[in-house]
file entry-v8.cif (mmCIF, C-alpha atoms and all ligand atoms)
data_data
loop_
_atom_site.label_atom_id
_atom_site.label_comp_id
_atom_site.auth_asym_id
_atom_site.auth_seq_id
_atom_site.Cartn_x
_atom_site.Cartn_y
_atom_site.Cartn_z
CA MET A 721 -174.55 130.52 146.40
CA ASN A 722 -177.48 131.54 144.22
CA LYS A 723 -179.41 134.72 144.88
CA LYS A 724 -182.55 133.00 146.09
CA LEU A 725 -180.61 130.90 148.59
CA GLN A 726 -179.09 134.12 149.87
CA LEU A 727 -182.66 135.32 150.31
CA ILE A 728 -183.46 132.33 152.50
CA SER A 729 -180.40 132.85 154.61
CA GLY A 730 -180.99 136.54 155.17
CA ARG A 731 -183.63 139.09 154.21
CA GLY A 732 -185.95 136.38 152.86
CA LEU A 733 -186.97 135.13 156.29
CA ALA A 734 -189.90 137.54 156.27
CA VAL A 735 -190.90 136.33 152.82
CA ILE A 736 -190.70 132.72 154.01
CA ALA A 737 -192.83 133.54 157.04
CA LYS A 738 -195.48 134.78 154.62
CA TYR A 739 -195.23 131.54 152.64
CA LEU A 740 -195.34 129.49 155.82
CA ILE A 741 -198.57 131.21 156.93
CA GLY A 742 -200.01 130.99 153.41
CA GLY A 743 -198.95 127.35 153.24
CA PHE A 744 -200.59 126.65 156.57
CA VAL A 745 -203.91 128.09 155.38
CA LEU A 746 -203.63 126.15 152.13
CA SER A 747 -202.72 122.90 153.79
CA SER A 748 -205.49 123.35 156.35
CA LEU A 749 -207.89 123.56 153.43
CA ILE A 750 -206.42 120.33 152.02
CA ALA A 751 -206.85 118.68 155.39
CA CYS A 752 -210.45 119.92 155.78
CA GLY A 753 -211.30 118.87 152.26
CA SER A 754 -209.84 115.41 152.64
CA GLY A 755 -213.24 114.00 153.57
CA SER A 756 -214.87 115.23 150.34
CA SER A 757 -215.51 112.74 147.55
CA VAL A 758 -213.45 114.58 144.91
CA SER A 759 -210.16 115.29 146.68
CA GLU A 760 -207.07 115.08 144.47
CA PRO A 761 -204.08 113.04 145.71
CA ILE A 762 -201.51 115.14 147.56
CA LEU A 763 -198.50 115.60 145.28
CA ILE A 764 -194.94 115.24 146.60
CA LYS A 765 -192.40 116.47 144.05
CA PHE A 766 -188.99 115.06 144.98
CA PRO A 767 -186.04 116.35 142.90
CA HIS A 768 -182.45 115.21 143.40
CA VAL A 769 -179.16 115.34 141.49
CA THR A 770 -177.74 111.81 141.37
CA SER A 771 -178.64 109.01 138.97
CA PRO A 772 -181.44 106.50 139.74
CA THR A 773 -178.87 103.75 140.49
CA THR A 774 -177.10 105.60 143.32
CA PRO A 775 -177.94 105.11 147.03
CA LYS A 776 -180.09 108.24 146.98
CA GLY A 777 -181.67 107.41 143.62
CA LEU A 778 -182.72 103.95 144.82
CA ALA A 779 -183.94 105.24 148.18
CA ALA A 780 -186.09 107.91 146.49
CA GLN A 781 -187.66 105.27 144.23
CA ARG A 782 -188.31 102.97 147.17
CA PHE A 783 -189.96 105.85 149.04
CA ARG A 784 -192.19 106.48 146.00
CA ASP A 785 -193.07 102.77 145.64
CA LEU A 786 -194.00 102.33 149.30
CA VAL A 787 -196.13 105.50 149.24
CA GLU A 788 -197.92 104.23 146.13
CA GLU A 789 -198.53 100.89 147.82
CA ARG A 790 -199.72 102.18 151.20
CA LEU A 791 -201.30 105.53 150.36
CA ALA A 792 -202.70 104.75 146.91
CA GLY A 793 -204.99 107.48 145.62
CA ARG A 794 -204.17 109.76 148.57
CA VAL A 795 -200.53 110.69 147.92
CA THR A 796 -198.53 110.68 144.68
CA VAL A 797 -194.74 110.99 144.59
CA GLU A 798 -192.91 112.29 141.52
CA VAL A 799 -189.15 111.66 141.69
CA TYR A 800 -186.92 113.75 139.41
CA PRO A 801 -183.35 112.28 139.43
CA SER A 802 -180.08 113.47 137.85
CA GLY A 803 -180.74 117.19 138.30
CA GLN A 804 -183.55 116.96 135.65
CA LEU A 805 -185.72 119.47 137.48
CA MET A 806 -183.15 121.62 139.34
CA ASN A 807 -179.78 121.61 141.04
CA ASP A 808 -179.31 121.29 144.80
CA ASP A 809 -179.14 125.01 145.65
CA ASP A 810 -182.35 125.60 143.74
CA SER A 811 -184.05 122.63 145.39
CA ILE A 812 -183.36 123.99 148.89
CA GLU A 813 -184.91 127.28 147.91
CA ALA A 814 -187.81 125.60 146.05
CA LEU A 815 -188.61 123.55 149.16
CA ALA A 816 -188.66 126.60 151.40
CA PHE A 817 -191.00 128.34 148.94
CA GLY A 818 -193.29 125.31 148.62
CA GLU A 819 -192.53 124.62 144.94
CA VAL A 820 -191.34 121.09 145.73
CA GLN A 821 -192.32 119.07 148.79
CA MET A 822 -189.35 116.82 149.57
CA ILE A 823 -185.59 116.89 148.99
CA ALA A 824 -182.61 114.70 149.90
CA THR A 825 -179.73 117.12 149.63
CA SER A 826 -176.12 116.67 150.68
CA LEU A 827 -175.59 117.83 154.28
CA SER A 828 -172.68 120.00 153.10
CA LYS A 829 -175.02 122.15 151.02
CA PHE A 830 -176.98 123.47 154.02
CA ASP A 831 -173.88 125.37 155.08
CA ARG A 832 -175.46 128.82 154.65
CA LEU A 833 -178.56 127.91 156.66
CA THR A 834 -177.07 126.24 159.72
CA ASN A 835 -173.57 125.93 161.15
CA LYS A 836 -174.52 122.73 162.93
CA PHE A 837 -174.32 120.57 159.81
CA GLN A 838 -170.69 121.62 159.33
CA VAL A 839 -169.85 118.84 161.78
CA PHE A 840 -170.45 116.33 158.96
CA ASP A 841 -167.75 117.98 156.83
CA LEU A 842 -164.95 117.97 159.42
CA PRO A 843 -162.16 115.91 157.83
CA PHE A 844 -161.35 112.54 159.42
CA LEU A 845 -163.94 113.00 162.18
CA PHE A 846 -165.98 109.90 161.29
CA PRO A 847 -163.89 106.80 160.51
CA ASP A 848 -166.80 104.94 158.86
CA LEU A 849 -170.54 104.94 158.22
CA GLU A 850 -171.30 103.03 161.44
CA ALA A 851 -169.84 105.95 163.46
CA VAL A 852 -172.03 108.40 161.53
CA GLU A 853 -175.09 106.22 162.24
CA ARG A 854 -174.37 106.23 165.97
CA PHE A 855 -174.01 110.01 165.93
CA GLN A 856 -177.17 110.55 163.87
CA ALA A 857 -179.15 108.40 166.28
CA GLY A 858 -177.77 110.20 169.35
CA ALA A 859 -178.68 113.16 171.55
CA SER A 860 -178.21 115.79 168.81
CA ARG A 861 -180.50 114.10 166.30
CA GLU A 862 -183.57 116.29 166.92
CA ILE A 863 -181.47 119.46 167.23
CA LEU A 864 -179.99 118.75 163.80
CA LEU A 865 -183.30 117.82 162.19
CA GLU A 866 -185.01 120.97 163.52
CA SER A 867 -182.06 123.33 163.04
CA MET A 868 -183.56 124.95 159.90
CA SER A 869 -187.28 124.88 160.69
CA LEU A 870 -187.41 128.69 160.86
CA ARG A 871 -185.86 128.81 157.42
CA GLY A 872 -188.51 126.68 155.75
CA LEU A 873 -186.90 123.22 156.09
CA LYS A 874 -187.82 120.41 158.44
CA GLY A 875 -185.55 117.36 158.57
CA LEU A 876 -187.19 113.93 158.67
CA GLY A 877 -184.09 111.77 158.62
CA PHE A 878 -180.68 111.07 157.14
CA TRP A 879 -179.54 108.83 154.29
CA HIS A 880 -175.93 107.83 153.67
CA ASN A 881 -174.04 108.01 150.48
CA GLY A 882 -170.56 107.05 151.72
CA MET A 883 -167.02 108.09 152.57
CA LYS A 884 -165.26 110.50 150.21
CA GLN A 885 -162.08 109.84 148.22
CA PHE A 886 -159.79 112.23 146.36
CA GLY A 887 -159.26 112.06 142.61
CA GLY A 888 -156.84 114.04 140.48
CA PRO A 889 -154.02 113.99 137.93
CA VAL A 890 -151.58 112.42 140.43
CA PRO A 891 -151.85 109.89 143.29
CA MET A 892 -152.43 111.75 146.56
CA ASN A 893 -150.74 109.47 149.09
CA ASN A 894 -149.31 112.57 150.70
CA PRO A 895 -151.18 115.90 150.96
CA GLU A 896 -148.11 117.55 149.36
CA ALA A 897 -149.33 116.11 146.06
CA ALA A 898 -152.46 118.26 146.28
CA LYS A 899 -150.55 121.56 146.35
CA GLY A 900 -151.60 123.94 143.59
CA LEU A 901 -154.40 121.71 142.25
CA LYS A 902 -157.85 123.18 141.59
CA PHE A 903 -160.42 121.08 143.48
CA ARG A 904 -164.13 121.04 142.84
CA ILE A 905 -165.98 121.08 146.16
CA MET A 906 -169.60 121.30 147.30
CA GLU A 907 -170.97 124.62 148.67
CA SER A 908 -169.35 124.34 152.10
CA ASP A 909 -166.95 126.60 153.96
CA VAL A 910 -165.51 123.63 155.86
CA LEU A 911 -164.66 121.88 152.60
CA GLN A 912 -163.14 125.12 151.36
CA ALA A 913 -160.93 125.33 154.46
CA GLN A 914 -160.04 121.65 154.07
CA ILE A 915 -158.68 122.19 150.55
CA LEU A 916 -156.83 125.36 151.59
CA ALA A 917 -155.22 123.34 154.42
CA ILE A 918 -153.58 121.06 151.84
CA GLY A 919 -152.48 123.92 149.59
CA GLY A 920 -155.14 123.37 146.93
CA SER A 921 -157.46 125.87 145.30
CA PRO A 922 -161.14 125.14 146.14
CA GLN A 923 -163.86 125.81 143.55
CA LYS A 924 -167.47 125.53 144.68
CA MET A 925 -169.51 124.00 141.88
CA ALA A 926 -172.85 122.21 141.31
CA PHE A 927 -172.66 118.43 141.01
CA VAL A 928 -174.10 118.33 137.48
CA GLU A 929 -171.19 120.49 136.22
CA VAL A 930 -168.36 118.38 137.64
CA TYR A 931 -167.80 115.84 134.84
CA GLN A 932 -167.38 118.54 132.22
CA ALA A 933 -165.19 120.66 134.49
CA LEU A 934 -162.83 117.68 134.98
CA GLN A 935 -162.92 116.81 131.29
CA THR A 936 -162.08 120.33 130.13
CA GLY A 937 -159.52 120.96 132.87
CA ALA A 938 -161.56 123.76 134.47
CA VAL A 939 -160.72 121.85 137.67
CA ASP A 940 -157.98 119.26 138.22
CA ALA A 941 -159.31 117.32 141.14
CA GLN A 942 -162.42 116.42 143.13
CA GLU A 943 -163.63 114.57 146.20
CA ASN A 944 -166.58 112.22 146.18
CA THR A 945 -167.82 108.75 147.08
CA TRP A 946 -167.15 105.60 145.04
CA SER A 947 -170.82 105.52 144.14
CA ASN A 948 -170.86 109.07 142.74
CA ILE A 949 -167.44 108.70 141.10
CA TYR A 950 -168.68 105.57 139.34
CA SER A 951 -172.25 106.59 138.44
CA SER A 952 -171.21 110.04 137.19
CA LYS A 953 -168.17 108.60 135.36
CA PHE A 954 -165.65 110.91 137.07
CA TYR A 955 -163.19 107.96 136.98
CA GLU A 956 -163.08 108.27 133.19
CA VAL A 957 -161.61 111.77 133.46
CA GLN A 958 -159.37 111.30 136.54
CA LYS A 959 -156.02 109.53 136.08
CA HIS A 960 -155.73 108.74 139.79
CA LEU A 961 -158.06 108.05 142.69
CA THR A 962 -156.66 107.79 146.22
CA MET A 963 -158.50 105.85 148.96
CA THR A 964 -158.42 108.59 151.58
CA ASN A 965 -161.87 108.06 153.20
CA HIS A 966 -161.29 111.57 154.56
CA GLY A 967 -164.88 112.75 154.89
CA TYR A 968 -168.54 111.81 154.90
CA LEU A 969 -171.20 112.45 152.26
CA GLY A 970 -174.79 111.98 153.39
CA TYR A 971 -178.19 113.55 152.90
CA LEU A 972 -180.91 115.29 154.87
CA ILE A 973 -184.43 114.21 153.95
CA ALA A 974 -186.27 117.48 154.32
CA VAL A 975 -189.81 118.75 153.84
CA ASN A 976 -191.47 122.13 154.04
CA PRO A 977 -192.69 122.48 157.67
CA SER A 978 -196.05 124.05 156.80
CA PHE A 979 -196.73 121.45 154.11
CA TRP A 980 -195.88 118.75 156.63
CA SER A 981 -197.94 120.08 159.52
CA GLY A 982 -200.90 120.66 157.19
CA LEU A 983 -201.09 116.99 156.11
CA PRO A 984 -203.91 114.85 157.55
CA ASP A 985 -202.54 113.13 160.67
CA ASP A 986 -202.85 109.56 159.36
CA ILE A 987 -201.03 110.44 156.14
CA ARG A 988 -198.22 112.24 157.98
CA THR A 989 -197.80 109.28 160.35
CA GLU A 990 -197.66 106.78 157.48
CA LEU A 991 -195.14 108.94 155.59
CA GLU A 992 -192.96 109.14 158.72
CA THR A 993 -193.06 105.34 159.01
CA ILE A 994 -192.10 104.97 155.35
CA VAL A 995 -189.21 107.48 155.66
CA SER A 996 -187.91 105.59 158.67
CA GLU A 997 -188.13 102.19 156.93
CA VAL A 998 -186.52 103.54 153.76
CA SER A 999 -183.72 105.16 155.79
CA SER A 1000 -182.68 101.85 157.38
CA TRP A 1001 -182.85 100.08 154.02
CA ALA A 1002 -181.02 102.90 152.18
CA ASN A 1003 -178.16 102.98 154.69
CA GLN A 1004 -177.47 99.28 154.16
CA GLN A 1005 -177.75 99.62 150.37
CA ALA A 1006 -175.33 102.56 150.39
CA LYS A 1007 -172.54 100.37 151.78
CA LEU A 1008 -173.08 97.71 149.08
CA ILE A 1009 -173.38 100.26 146.25
CA ASN A 1010 -170.14 102.03 147.21
CA LYS A 1011 -168.29 98.70 147.41
CA ASP A 1012 -169.68 97.73 144.03
CA GLY A 1013 -168.74 101.14 142.56
CA LEU A 1014 -165.14 100.75 143.74
CA GLU A 1015 -164.90 97.26 142.25
CA LYS A 1016 -166.29 98.41 138.93
CA ILE A 1017 -163.93 101.40 138.81
CA ILE A 1018 -160.91 99.14 139.41
CA ALA A 1019 -162.17 96.59 136.87
CA SER A 1020 -162.61 99.33 134.24
CA GLY A 1021 -158.84 99.92 134.09
CA ARG A 1022 -159.57 103.59 133.23
CA THR A 1023 -157.88 104.98 136.34
CA GLU A 1024 -155.42 103.95 139.00
CA VAL A 1025 -156.75 103.44 142.53
CA THR A 1026 -154.17 103.75 145.31
CA PRO A 1027 -154.68 102.88 149.01
CA LEU A 1028 -153.02 104.82 151.86
CA THR A 1029 -150.59 103.19 154.30
CA ASP A 1030 -151.22 103.78 158.02
CA GLN A 1031 -148.33 106.25 158.08
CA GLU A 1032 -149.71 108.16 155.07
CA LEU A 1033 -153.13 108.29 156.70
CA LYS A 1034 -151.62 109.87 159.83
CA VAL A 1035 -149.95 112.62 157.77
CA TRP A 1036 -153.29 113.37 156.07
CA GLN A 1037 -155.08 113.51 159.42
CA GLN A 1038 -152.48 115.83 160.96
CA THR A 1039 -152.49 118.17 157.96
CA MET A 1040 -156.26 118.59 157.99
CA ARG A 1041 -156.83 118.68 161.74
CA PRO A 1042 -156.45 122.53 162.06
CA VAL A 1043 -159.73 122.80 160.12
CA TRP A 1044 -161.58 121.54 163.22
CA ASP A 1045 -160.35 124.47 165.33
CA LYS A 1046 -161.57 126.99 162.76
CA PHE A 1047 -165.17 125.74 162.97
CA ALA A 1048 -165.45 124.39 166.53
CA ASP A 1049 -167.17 127.45 168.00
CA LYS A 1050 -169.62 127.81 165.13
CA ILE A 1051 -170.64 124.15 165.16
CA GLY A 1052 -170.64 123.83 168.95
CA VAL A 1053 -168.01 121.94 170.91
CA ASP A 1054 -170.72 119.74 172.46
CA ILE A 1055 -171.85 118.49 169.04
CA ILE A 1056 -168.27 117.79 167.98
CA ALA A 1057 -167.61 115.94 171.26
CA GLU A 1058 -170.70 113.83 170.68
CA ALA A 1059 -169.55 112.99 167.15
CA GLN A 1060 -166.13 112.05 168.50
CA GLY A 1061 -167.78 109.86 171.13
CA ALA A 1062 -169.67 108.03 168.37
CA SER A 1063 -166.42 107.59 166.46
CA ASN A 1064 -164.33 105.92 169.17
C1 LIG B 1101 -175.00 114.14 145.79
O1 LIG B 1101 -174.54 113.04 146.12
O2 LIG B 1101 -176.16 114.48 145.94
C2 LIG B 1101 -174.09 115.13 145.13
C3 LIG B 1101 -172.89 115.39 145.93
C4 LIG B 1101 -171.98 116.43 145.29
O3 LIG B 1101 -172.43 117.52 144.96
O4 LIG B 1101 -170.79 116.13 145.15
#
call {"tool": "encode", "arguments": {"input": "entry-v8.cif", "output": "structure tokens"}}
result
Amino acid sequence: MNKKLQLISGRGLAVIAKYLIGGFVLSSLIACGSGSSVSEPILIKFPHVTSPTTPKGLAAQRFRDLVEERLAGRVTVEVYPSGQLMNDDDSIEALAFGEVQMIATSLSKFDRLTNKFQVFDLPFLFPDLEAVERFQAGASREILLESMSLRGLKGLGFWHNGMKQFGGPVPMNNPEAAKGLKFRIMESDVLQAQILAIGGSPQKMAFVEVYQALQTGAVDAQENTWSNIYSSKFYEVQKHLTMTNHGYLGYLIAVNPSFWSGLPDDIRTELETIVSEVSSWANQQAKLINKDGLEKIIASGRTEVTPLTDQELKVWQQTMRPVWDKFADKIGVDIIAEAQGASN
């Protein structure tokens, strides 16, 4: 975790409070001045780390296009894809400090700021994206979206990427095959425990560094969605990909709370409508894009893709299940039970 993110999660709360108050005063001035004849459009800087053709990349562009159409001259959105502006850790911190106004960061990467999001990383909890959708629309939705508001992040909604698969130098039909391999993972203690449970060595690493780490052998293996494996070309440097569908990768659409509350009411309401429309659209697109990514990876002939049998899947599930017990108290047994309810 970078130093500034540590600041947010600990001592920096006081600093953030100062920014929140400062931001409130500033945004109140924007709001008051919105009736004047020379007001500048409100700028929303929106950095993210995947390419423009991924589920998140397309959703961010659609958000920008709809804002331009419906709030022309009042709000401008600048999307920075592919980690051009900053990596995910930096974007969380930049949002809290008001340097960018919107992010769509992997749920796993909020690990240091809230334990509640760890539910999304529990292996084999959600069987598919429909189960995740039911959970995200359920009783815990607002609790999850507001769980970091004191730390400078307000959640507006969730976007899918997809289900994660394992890739490495060998097929991983049995977790035994993972023993001793160095796995790149996102910044998440649940994912770390998951790799330890299968005898691997977890290495937390930023997304933009993964291709090179696989290419040079700094890590042997990784987990990601078909969309990310395809768009970031991980399949070119992984001899084998195994269809494990063992975990979920999705995003929190987050804004800075003081920026958000300081917006003129009509603008905030329109932006909420747009986020909600884009979220429904993006979640459908994500399913198609992952399917397309898998087909293109197979067609490339650059790697071997192996499915799991039902029996192999059971062994995987049993091997990883102890990870749930390690995090149940931190996440909250009620939240896990709700996620299980959405999954049955
Ligand atoms: C992303 O999809 O935003 C990146 C996920 C990762 O770091 O693996």
call {"tool": "atom_distance", "arguments": {"input": "entry-v8.cif", "atom1": "atom CA of A:Val799", "atom2": "atom C3 of ligand LIG 1101 (chain B)"}}
result
17.2 Å
call {"tool": "atom_distance", "arguments": {"input": "entry-v8.cif", "atom1": "atom CA of A:Leu864", "atom2": "atom CA of A:Leu916"}}
result
27.0 Å
call {"tool": "closest_atom_pairs", "arguments": {"input": "entry-v8.cif", "of": "chain A", "to": "ligand LIG 1101 (chain B)", "cutoff": "10 Å", "atoms": "only C-alpha atoms and all ligand atoms", "output": "Markdown table"}}
result
| residue | atom | partner | partner_atom | distance |
| --- | --- | --- | --- | --- |
| A:His768 | CA | B:LIG1101 | O2 | 6.8 |
| A:Val769 | CA | B:LIG1101 | O2 | 5.4 |
| A:Thr770 | CA | B:LIG1101 | O2 | 5.5 |
| A:Ser771 | CA | B:LIG1101 | O1 | 9.2 |
| A:Thr774 | CA | B:LIG1101 | O1 | 8.4 |
| A:Pro775 | CA | B:LIG1101 | O1 | 8.7 |
| A:Lys776 | CA | B:LIG1101 | O1 | 7.4 |
| A:Gly777 | CA | B:LIG1101 | O2 | 9.3 |
| A:Pro801 | CA | B:LIG1101 | O2 | 9.9 |
| A:Ser802 | CA | B:LIG1101 | O2 | 9.0 |
| A:Gly803 | CA | B:LIG1101 | O2 | 9.3 |
| A:Asn807 | CA | B:LIG1101 | O3 | 9.3 |
| A:Asp808 | CA | B:LIG1101 | O2 | 7.6 |
| A:Ala824 | CA | B:LIG1101 | O2 | 7.6 |
| A:Thr825 | CA | B:LIG1101 | O2 | 5.8 |
| A:Ser826 | CA | B:LIG1101 | O2 | 5.2 |
| A:Leu827 | CA | B:LIG1101 | O2 | 9.0 |
| A:Ser828 | CA | B:LIG1101 | O3 | 8.5 |
| A:Lys829 | CA | B:LIG1101 | O3 | 8.1 |
| A:His880 | CA | B:LIG1101 | O1 | 9.3 |
| A:Asn881 | CA | B:LIG1101 | O1 | 6.7 |
| A:Gly882 | CA | B:LIG1101 | O1 | 9.1 |
| A:Lys884 | CA | B:LIG1101 | O4 | 9.4 |
| A:Arg904 | CA | B:LIG1101 | O4 | 8.6 |
| A:Ile905 | CA | B:LIG1101 | O4 | 7.0 |
| A:Met906 | CA | B:LIG1101 | O3 | 5.3 |
| A:Glu907 | CA | B:LIG1101 | O3 | 8.1 |
| A:Lys924 | CA | B:LIG1101 | O3 | 9.4 |
| A:Met925 | CA | B:LIG1101 | O3 | 7.7 |
| A:Ala926 | CA | B:LIG1101 | O3 | 6.0 |
| A:Phe927 | CA | B:LIG1101 | O3 | 4.1 |
| A:Val928 | CA | B:LIG1101 | O3 | 7.7 |
| A:Glu929 | CA | B:LIG1101 | O3 | 9.3 |
| A:Val930 | CA | B:LIG1101 | O4 | 8.2 |
| A:Gln942 | CA | B:LIG1101 | O4 | 8.6 |
| A:Glu943 | CA | B:LIG1101 | O4 | 7.4 |
| A:Asn944 | CA | B:LIG1101 | O4 | 5.8 |
| A:Thr945 | CA | B:LIG1101 | O1 | 8.0 |
| A:Ser947 | CA | B:LIG1101 | O1 | 8.6 |
| A:Asn948 | CA | B:LIG1101 | O1 | 6.4 |
| A:Ile949 | CA | B:LIG1101 | O4 | 9.1 |
| A:Ser952 | CA | B:LIG1101 | C2 | 9.9 |
| A:Leu969 | CA | B:LIG1101 | O1 | 7.0 |
| A:Gly970 | CA | B:LIG1101 | O1 | 7.4 |
| A:Tyr971 | CA | B:LIG1101 | O2 | 7.3 |
call {"tool": "closest_residue", "arguments": {"input": "entry-v8.cif", "among": "A:Ser996, A:Gln914, A:Ser981, A:Asn893", "to": "A:Glu1032", "atoms": "only C-alpha atoms"}}
result
A:Asn893
call {"tool": "residues_around", "arguments": {"input": "entry-v8.cif", "residues": "stretch 783-795 of chain A", "least_positions_apart": "2", "cutoff": "6 Å", "atoms": "all atoms listed in the file", "output": "short mmCIF file (atom, residue, chain, number, x, y, z; two decimals) with C-alpha atoms, in the coordinates of the input"}}
result
data_model
loop_
_atom_site.label_atom_id
_atom_site.label_comp_id
_atom_site.auth_asym_id
_atom_site.auth_seq_id
_atom_site.Cartn_x
_atom_site.Cartn_y
_atom_site.Cartn_z
CA PRO A 761 -204.08 113.04 145.71
CA ILE A 762 -201.51 115.14 147.56
CA LEU A 763 -198.50 115.60 145.28
CA ALA A 780 -186.09 107.91 146.49
CA GLN A 781 -187.66 105.27 144.23
CA VAL A 797 -194.74 110.99 144.59
#
call {"tool": "atom_distance", "arguments": {"input": "entry-v8.cif", "atom1": "atom CA of A:Thr1026", "atom2": "atom CA of A:Trp946"}}
result
13.1 Å
call {"tool": "closest_residue", "arguments": {"input": "entry-v8.cif", "among": "A:Lys1007, A:His960, A:Lys902, A:Lys765", "to": "A:Ala933", "atoms": "all atoms listed in the file"}}
result
A:Lys902
call {"tool": "residues_around", "arguments": {"input": "entry-v8.cif", "residues": "A:Trp980", "least_positions_apart": "2", "cutoff": "10 Å", "atoms": "only C-alpha atoms", "output": "number ranges by chain"}}
result
A: 743-744, 747, 821-822, 874, 974-978, 982-985, 987-988, 991
call {"tool": "closest_atom_pairs", "arguments": {"input": "entry-v8.cif", "of": "stretch 855-963 of chain A", "to": "stretch 1051-1062 of chain A", "cutoff": "12 Å", "atoms": "all atoms listed in the file", "output": "tab-separated table"}}
result
residue	atom	partner	partner_atom	distance
A:Phe855	CA	A:Ala1062	CA	5.4
A:Gln856	CA	A:Ala1059	CA	8.6
A:Ala857	CA	A:Ala1062	CA	9.7
A:Gly858	CA	A:Glu1058	CA	8.1
A:Ala859	CA	A:Glu1058	CA	8.1
A:Ser860	CA	A:Ile1055	CA	6.9
A:Arg861	CA	A:Ile1055	CA	10.1
A:Ile863	CA	A:Ile1055	CA	9.8
A:Leu864	CA	A:Ile1055	CA	9.7
A:Ser867	CA	A:Ile1051	CA	11.6
A:Val910	CA	A:Ile1051	CA	10.6
call {"tool": "write_last_selection", "arguments": {"input": "entry-v8.cif", "atoms": "C-alpha atoms", "output": "CSV table (one decimal), keeping the file's coordinate frame"}}
result
chain,number,residue,atom,x,y,z
A,855,PHE,CA,-174.0,110.0,165.9
A,856,GLN,CA,-177.2,110.6,163.9
A,857,ALA,CA,-179.2,108.4,166.3
A,858,GLY,CA,-177.8,110.2,169.4
A,859,ALA,CA,-178.7,113.2,171.6
A,860,SER,CA,-178.2,115.8,168.8
A,861,ARG,CA,-180.5,114.1,166.3
A,863,ILE,CA,-181.5,119.5,167.2
A,864,LEU,CA,-180.0,118.8,163.8
A,867,SER,CA,-182.1,123.3,163.0
A,910,VAL,CA,-165.5,123.6,155.9
call {"tool": "closest_residue", "arguments": {"input": "entry-v8.cif", "among": "A:Asp1012, A:Glu866, A:Asp848, A:Asp1045", "to": "A:Thr964", "atoms": "only C-alpha atoms"}}
result
A:Asp848
call {"tool": "residues_around", "arguments": {"input": "entry-v8.cif", "residues": "A:Met868", "least_positions_apart": "2", "cutoff": "12 Å", "atoms": "all atoms listed in the file", "output": "compact mmCIF listing (two decimals) with C-alpha atoms, in the coordinates of the input"}}
result
# COMPACT_ATOMS: atom_id res chain seq x y z
CA ILE A 728 -183.46 132.33 152.50
CA SER A 729 -180.40 132.85 154.61
CA LEU A 733 -186.97 135.13 156.29
CA ILE A 812 -183.36 123.99 148.89
CA LEU A 815 -188.61 123.55 149.16
CA ALA A 816 -188.66 126.60 151.40
CA PHE A 830 -176.98 123.47 154.02
CA ASP A 831 -173.88 125.37 155.08
CA ARG A 832 -175.46 128.82 154.65
CA LEU A 833 -178.56 127.91 156.66
CA THR A 834 -177.07 126.24 159.72
CA ASN A 835 -173.57 125.93 161.15
CA LYS A 836 -174.52 122.73 162.93
CA PHE A 837 -174.32 120.57 159.81
CA GLU A 862 -183.57 116.29 166.92
CA ILE A 863 -181.47 119.46 167.23
CA LEU A 864 -179.99 118.75 163.80
CA LEU A 865 -183.30 117.82 162.19
CA GLU A 866 -185.01 120.97 163.52
CA LEU A 870 -187.41 128.69 160.86
CA ARG A 871 -185.86 128.81 157.42
CA GLY A 872 -188.51 126.68 155.75
CA LEU A 873 -186.90 123.22 156.09
CA LYS A 874 -187.82 120.41 158.44
CA GLY A 875 -185.55 117.36 158.57
CA LEU A 876 -187.19 113.93 158.67
CA LEU A 972 -180.91 115.29 154.87
CA ALA A 974 -186.27 117.48 154.32
CA VAL A 975 -189.81 118.75 153.84
CA ASN A 976 -191.47 122.13 154.04
CA PRO A 977 -192.69 122.48 157.67
call {"tool": "closest_residue", "arguments": {"input": "entry-v8.cif", "among": "A:Ile973, A:Trp1001, A:Gly920, A:Asp940", "to": "A:Phe766", "atoms": "all atoms listed in the file"}}
result
A:Ile973
call {"tool": "closest_residue", "arguments": {"input": "entry-v8.cif", "among": "A:Pro772, A:Pro895, A:Gly818, A:Pro843", "to": "A:Val1035", "atoms": "all atoms listed in the file"}}
result
A:Pro895
call {"tool": "closest_residue", "arguments": {"input": "entry-v8.cif", "among": "A:Lys1016, A:His966, A:Arg782, A:Lys953", "to": "A:Leu1033", "atoms": "only C-alpha atoms"}}
result
A:His966
